[in-house]
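Asks: This is my_file.csv, which holds CSV, C-alpha atoms:
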chain,number,residue,atom,x,y,z
A,1,MET,CA,-20.9,42.9,-12.3
A,2,PRO,CA,-23.1,40.2,-13.9
A,3,LYS,CA,-23.9,37.1,-11.8
A,4,LEU,CA,-22.1,34.8,-14.3
A,5,TRP,CA,-18.9,36.9,-13.9
A,6,ASN,CA,-19.0,36.7,-10.1
A,7,GLU,CA,-19.6,32.9,-10.3
A,8,THR,CA,-16.7,32.5,-12.6
A,9,ILE,CA,-14.4,34.5,-10.4
A,10,ASP,CA,-15.6,32.6,-7.3
A,11,ALA,CA,-15.0,29.3,-9.0
A,12,HIS,CA,-11.5,30.3,-10.1
A,13,ARG,CA,-10.6,31.4,-6.6
A,14,HIS,CA,-11.9,28.2,-5.2
A,15,ALA,CA,-9.9,26.2,-7.7
A,16,VAL,CA,-6.7,28.1,-6.9
A,17,ARG,CA,-7.3,27.6,-3.2
A,18,GLU,CA,-7.9,23.9,-3.6
A,19,ALA,CA,-4.7,23.6,-5.8
A,20,ILE,CA,-2.7,25.4,-3.1
A,21,LEU,CA,-4.0,23.0,-0.4
A,22,ASP,CA,-3.3,19.9,-2.5
A,23,THR,CA,0.1,21.0,-3.6
A,24,THR,CA,1.2,21.9,-0.1
A,25,TRP,CA,0.0,18.6,1.3
A,26,ALA,CA,1.9,16.7,-1.4
A,27,LEU,CA,5.1,18.7,-0.7
A,28,ALA,CA,4.8,18.3,3.0
A,29,THR,CA,4.3,14.5,2.9
A,30,GLU,CA,7.0,14.0,0.3
A,31,HIS,CA,9.7,16.3,1.7
A,32,GLY,CA,8.7,16.9,5.3
A,33,LEU,CA,7.1,19.8,7.0
A,34,THR,CA,10.2,21.8,7.7
A,35,SER,CA,11.5,21.8,4.1
A,36,VAL,CA,8.4,23.2,2.4
A,37,THR,CA,8.6,26.9,1.4
A,38,MET,CA,6.0,29.3,0.0
A,39,SER,CA,8.2,29.6,-3.1
A,40,GLN,CA,8.0,25.9,-3.7
A,41,ILE,CA,4.2,25.9,-3.2
A,42,ALA,CA,3.7,28.8,-5.6
A,43,GLU,CA,6.0,27.2,-8.3
A,44,LYS,CA,4.3,23.8,-8.0
A,45,THR,CA,0.8,25.3,-8.0
A,46,GLY,CA,1.7,27.4,-11.0
A,47,ILE,CA,0.9,30.8,-9.4
A,48,GLY,CA,3.0,33.7,-8.4
A,49,ARG,CA,4.2,34.1,-4.8
A,50,ALA,CA,2.2,37.4,-4.5
A,51,THR,CA,-0.9,35.5,-5.5
A,52,LEU,CA,-0.2,32.7,-2.9
A,53,TYR,CA,0.2,35.3,-0.2
A,54,LYS,CA,-3.2,36.7,-1.0
A,55,TYR,CA,-4.6,33.4,0.0
A,56,PHE,CA,-2.4,32.3,2.9
A,57,PRO,CA,0.2,34.0,5.1
A,58,ASP,CA,2.4,30.9,5.6
A,59,VAL,CA,2.8,27.2,5.1
A,60,GLU,CA,1.3,26.4,8.5
A,61,ALA,CA,-1.9,28.3,7.6
A,62,ILE,CA,-2.2,26.3,4.4
A,63,LEU,CA,-1.8,23.0,6.2
A,64,PHE,CA,-4.4,24.0,8.8
A,65,ALA,CA,-6.8,24.8,6.0
A,66,TRP,CA,-6.1,21.5,4.3
A,67,HIS,CA,-6.7,19.7,7.6
A,68,GLU,CA,-10.0,21.6,8.2
A,69,ARG,CA,-11.1,20.5,4.7
A,70,GLN,CA,-10.2,16.9,5.5
A,71,ILE,CA,-12.1,17.0,8.8
A,72,ALA,CA,-15.2,18.4,7.1
A,73,ALA,CA,-15.0,15.6,4.4
A,74,HIS,CA,-14.6,12.9,7.1
A,75,LEU,CA,-17.6,14.2,9.1
A,76,GLN,CA,-19.7,14.3,5.9
A,77,GLN,CA,-18.6,10.8,5.1
A,78,LEU,CA,-19.8,9.6,8.5
A,79,VAL,CA,-23.1,11.4,8.0
A,80,ASP,CA,-23.6,9.8,4.6
A,81,ILE,CA,-22.8,6.4,6.0
A,82,ARG,CA,-25.3,6.9,8.8
A,83,ASP,CA,-28.0,8.0,6.3
A,84,GLU,CA,-27.4,4.9,4.1
A,85,ALA,CA,-27.3,2.1,6.7
A,86,GLY,CA,-30.4,0.3,8.0
A,87,ASP,CA,-31.6,0.1,11.6
A,88,ALA,CA,-30.0,1.9,14.5
A,89,GLY,CA,-27.6,-0.9,15.3
A,90,ARG,CA,-26.4,-1.2,11.7
A,91,ARG,CA,-25.9,2.6,11.4
A,92,LEU,CA,-23.8,2.6,14.5
A,93,ASP,CA,-21.7,-0.3,13.4
A,94,ALA,CA,-21.1,1.2,10.0
A,95,VAL,CA,-20.2,4.7,11.3
A,96,LEU,CA,-17.8,3.3,13.9
A,97,GLU,CA,-16.1,1.1,11.4
A,98,ALA,CA,-15.7,4.0,9.0
A,99,TYR,CA,-14.3,6.1,11.8
A,100,ALA,CA,-11.8,3.4,12.6
A,101,PHE,CA,-10.6,3.3,9.0
A,102,ILE,CA,-10.3,7.1,9.0
A,103,ALA,CA,-8.1,6.9,12.1
A,104,HIS,CA,-6.1,4.2,10.4
A,105,GLU,CA,-5.4,6.4,7.4
A,106,ARG,CA,-4.2,9.2,9.7
A,107,GLN,CA,-1.0,7.3,10.3
A,108,ARG,CA,0.2,8.4,6.9
A,109,HIS,CA,0.7,12.0,8.2
A,110,GLY,CA,4.0,11.3,9.8
A,111,ALA,CA,5.1,12.4,13.2
A,112,ASP,CA,5.8,16.1,12.5
A,113,LEU,CA,2.6,16.7,10.4
A,114,GLY,CA,0.5,14.7,12.9
A,115,ALA,CA,1.7,16.8,15.8
A,116,LEU,CA,1.1,20.1,14.0
A,117,LEU,CA,-2.4,19.1,12.7
A,118,HIS,CA,-3.8,17.4,15.7
A,119,GLY,CA,-2.0,19.3,18.5
A,120,GLY,CA,-3.8,22.6,17.9
A,121,GLY,CA,-7.2,23.8,19.2
A,122,HIS,CA,-8.7,24.0,15.7
A,123,THR,CA,-9.9,20.4,15.9
A,124,ALA,CA,-11.7,20.8,19.2
A,125,HIS,CA,-15.0,21.9,17.6
A,126,ALA,CA,-14.9,18.9,15.2
A,127,GLN,CA,-14.2,16.5,18.1
A,128,GLN,CA,-17.2,17.9,20.0
A,129,HIS,CA,-19.3,17.5,16.9
A,130,LEU,CA,-18.1,13.9,16.4
A,131,GLN,CA,-18.7,13.1,20.1
A,132,GLY,CA,-22.3,14.3,19.9
A,133,PHE,CA,-22.9,12.6,16.6
A,134,VAL,CA,-21.7,9.2,18.0
A,135,ARG,CA,-23.6,9.8,21.3
A,136,ASP,CA,-26.9,10.4,19.4
A,137,LEU,CA,-26.3,7.1,17.4
A,138,LEU,CA,-25.6,5.3,20.6
A,139,ALA,CA,-28.8,6.7,22.3
A,140,GLU,CA,-30.9,5.6,19.3
A,141,ALA,CA,-29.3,2.1,19.3
A,142,ALA,CA,-29.8,1.8,23.1
A,143,LYS,CA,-33.6,2.6,22.6
A,144,ALA,CA,-33.7,-0.2,20.0
A,145,GLY,CA,-32.0,-2.6,22.4
A,146,ASP,CA,-28.9,-2.9,20.3
A,147,VAL,CA,-26.6,-1.2,22.8
A,148,ARG,CA,-26.3,-1.3,26.6
A,149,ASP,CA,-28.3,1.2,28.5
A,150,ASP,CA,-26.5,0.9,31.8
A,151,VAL,CA,-23.9,3.4,30.7
A,152,ALA,CA,-24.7,7.0,29.5
A,153,PRO,CA,-24.5,7.4,25.7
A,154,ASP,CA,-21.9,10.2,26.2
A,155,GLU,CA,-19.6,7.9,28.1
A,156,LEU,CA,-20.0,5.2,25.6
A,157,ALA,CA,-19.2,7.7,22.8
A,158,GLY,CA,-16.0,8.6,24.5
A,159,TYR,CA,-15.1,4.9,24.9
A,160,CYS,CA,-15.8,4.2,21.2
A,161,LEU,CA,-13.8,7.2,19.9
A,162,TYR,CA,-10.8,6.7,22.2
A,163,ALA,CA,-10.7,2.9,21.5
A,164,LEU,CA,-11.0,3.3,17.7
A,165,THR,CA,-8.4,6.0,17.6
A,166,ALA,CA,-6.0,3.2,18.3
A,167,ALA,CA,-6.6,2.1,14.7
A,168,GLY,CA,-4.1,4.7,13.7
A,169,GLY,CA,-1.3,2.5,15.0
A,170,LEU,CA,-2.5,-0.8,13.5
A,171,PRO,CA,-0.6,-2.4,10.7
A,172,SER,CA,-3.5,-3.7,8.6
A,173,LYS,CA,-7.1,-3.4,7.7
A,174,ALA,CA,-7.7,-6.8,9.2
A,175,ALA,CA,-6.4,-5.5,12.5
A,176,VAL,CA,-8.7,-2.5,12.3
A,177,ARG,CA,-11.7,-4.8,11.7
A,178,ARG,CA,-10.7,-6.8,14.8
A,179,LEU,CA,-10.5,-3.6,16.9
A,180,VAL,CA,-13.9,-2.6,15.7
A,181,THR,CA,-15.3,-6.0,16.6
A,182,VAL,CA,-13.9,-5.8,20.1
A,183,THR,CA,-15.1,-2.2,20.6
A,184,LEU,CA,-18.6,-3.1,19.4
A,185,ALA,CA,-18.6,-6.1,21.7
A,186,GLY,CA,-18.2,-3.7,24.6
A,187,LEU,CA,-21.3,-1.9,23.6
A,188,ARG,CA,-23.6,-4.9,23.6
A,189,PRO,CA,-26.2,-5.2,26.4
A,190,PRO,CA,-25.1,-7.4,29.2
A,191,ARG,CA,-26.8,-10.8,29.3
What would you get if you wrote out this structure as structure tokens?
Replies:
Amino acid sequence: MPKLWNETIDAHRHAVREAILDTTWALATEHGLTSVTMSQIAEKTGIGRATLYKYFPDVEAILFAWHERQIAAHLQQLVDIRDEAGDAGRRLDAVLEAYAFIAHERQRHGADLGALLHGGGHTAHAQQHLQGFVRDLLAEAAKAGDVRDDVAPDELAGYCLYALTAAGGLPSKAAVRRLVTVTLAGLRPPR
């Protein structure tokens, strides 16, 4: 087959997959996880059920794929922020604030979706990647004198990530910013 034909087919498949993910997420957040069916997803997406089953075996698999896409987008967002900010301390501050706002947005999942999406082992690799990413930023900031060096960067990364995960339960963006300020204060070198 000609290259253009293959690219067109791949683009179509990608567009259908993305539409399935978006539609499923919209249905699950609107109606609840347990009320979403493959028939509803196919109808709302504008495809046949047989086509839907070629892409995914069930609703849970679609939601996991949606979540993996979200995780990848969030990690890329953090990388982009790191690459845009100035010195080591500013990069660390910007990344941790962005992570806190990502955690704050997660509260929209609802209890049943949150338990499904965050309870499985599919997020372990992303969590390890995030831990290493923050650890490296902390080590760089410690070398620059912006972060305490009396605690290992890996331990500080755990502290930051666990502390900022609490942003998911906060009622406002102002509260998230206060949490970030308190967390960053714990990273500063002792006087």
Asks: Considering only C-alpha atoms, state which residue in the set A:Ala163, A:Ala15, A:Ala42, A:Leu187 is at the smallest distance from A:Asp149.
Replies: A:Leu187
Asks: Give me the residues within 9 Å of A:Trp66 as a ChimeraX atom specification, counting only C-alpha atoms and dropping any in the same chain fewer than 5 places off.
Replies: /A:18,21-22,24-25,61,71
Asks: Just give me the gap between atom CA of A:Ala157 and atom CA of A:Val134 in Å, one decimal is fine.
Replies: 5.6 Å
Asks: Quick one: of A:Glu30, A:Gln40, A:Leu75, A:Pro189, who's nearest to A:Gln127, counting all atoms listed in the file?
Replies: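 Residue with the minimum atom-to-atom distance to A:Gln127: A:Leu75.
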Asks: If we count all atoms listed in the file and set the cut-off at 10 Å, which residues sit around A:Arg82, ignoring sequence neighbours fewer than 5 positions away in its own chain? Please answer as a PDB file with C-alpha atoms, keeping the file's coordinate frame.
Replies:
ATOM      1  CA  GLN A  76     -19.700  14.300   5.900  1.00  0.00           C
ATOM      2  CA  GLN A  77     -18.600  10.800   5.100  1.00  0.00           C
ATOM      3  CA  ASP A  87     -31.600   0.100  11.600  1.00  0.00           C
ATOM      4  CA  ALA A  88     -30.000   1.900  14.500  1.00  0.00           C
ATOM      5  CA  ARG A  90     -26.400  -1.200  11.700  1.00  0.00           C
ATOM      6  CA  ARG A  91     -25.900   2.600  11.400  1.00  0.00           C
ATOM      7  CA  LEU A  92     -23.800   2.600  14.500  1.00  0.00           C
ATOM      8  CA  ASP A  93     -21.700  -0.300  13.400  1.00  0.00           C
ATOM      9  CA  ALA A  94     -21.100   1.200  10.000  1.00  0.00           C
ATOM     10  CA  VAL A  95     -20.200   4.700  11.300  1.00  0.00           C
ATOM     11  CA  LEU A  96     -17.800   3.300  13.900  1.00  0.00           C
ATOM     12  CA  PHE A 133     -22.900  12.600  16.600  1.00  0.00           C
ATOM     13  CA  LEU A 137     -26.300   7.100  17.400  1.00  0.00           C
TER      14      LEU A 137
END
Asks: Taking all atoms listed in the file into account, which of A:Ile9, A:Ala72, A:Ala50, A:Val59 comes nearest A:Gly32?
Replies: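 Among the listed residues, the smallest separation from A:Gly32 belongs to A:Val59.
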Asks: Select all residues near (-8.0, 3.7, 3.6) (cut-off 12 Å, inclusive, file coordinates), counting all atoms listed in the file, and output them as a PyMOL selection string.
Replies: chain A and resi 74+97-108+167-168+171-174+176
Asks: Counting all atoms listed in the file, figure out which residue out of A:Gly186, A:Leu27, A:His12, A:Glu43 gets nearest to A:Asp146.
Replies: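 Using all atoms listed in the file, A:Asp146 sits closest to A:Gly186.
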Asks: Between A:Val16, A:Leu130, A:Lys44, A:Met38, which residue has the minimum interatomic distance to A:Val79, considering all atoms listed in the file?
Replies: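 Answer, going by the shortest atom-to-atom distance: A:Leu130.
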Asks: Rounded to one decimal, what separation in Å do you get between atom CA of A:Arg135 and atom CA of A:Asp154?
Replies: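 Going from atom CA of A:Arg135 over to atom CA of A:Asp154 covers 5.2 Å.
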Asks: Enter the distance from atom CA of A:Tyr162 to atom CA of A:Ala26, in Å, rounded to one decimal.
Replies: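 Calculated distance between atom CA of A:Tyr162 and atom CA of A:Ala26 is 28.6 Å.
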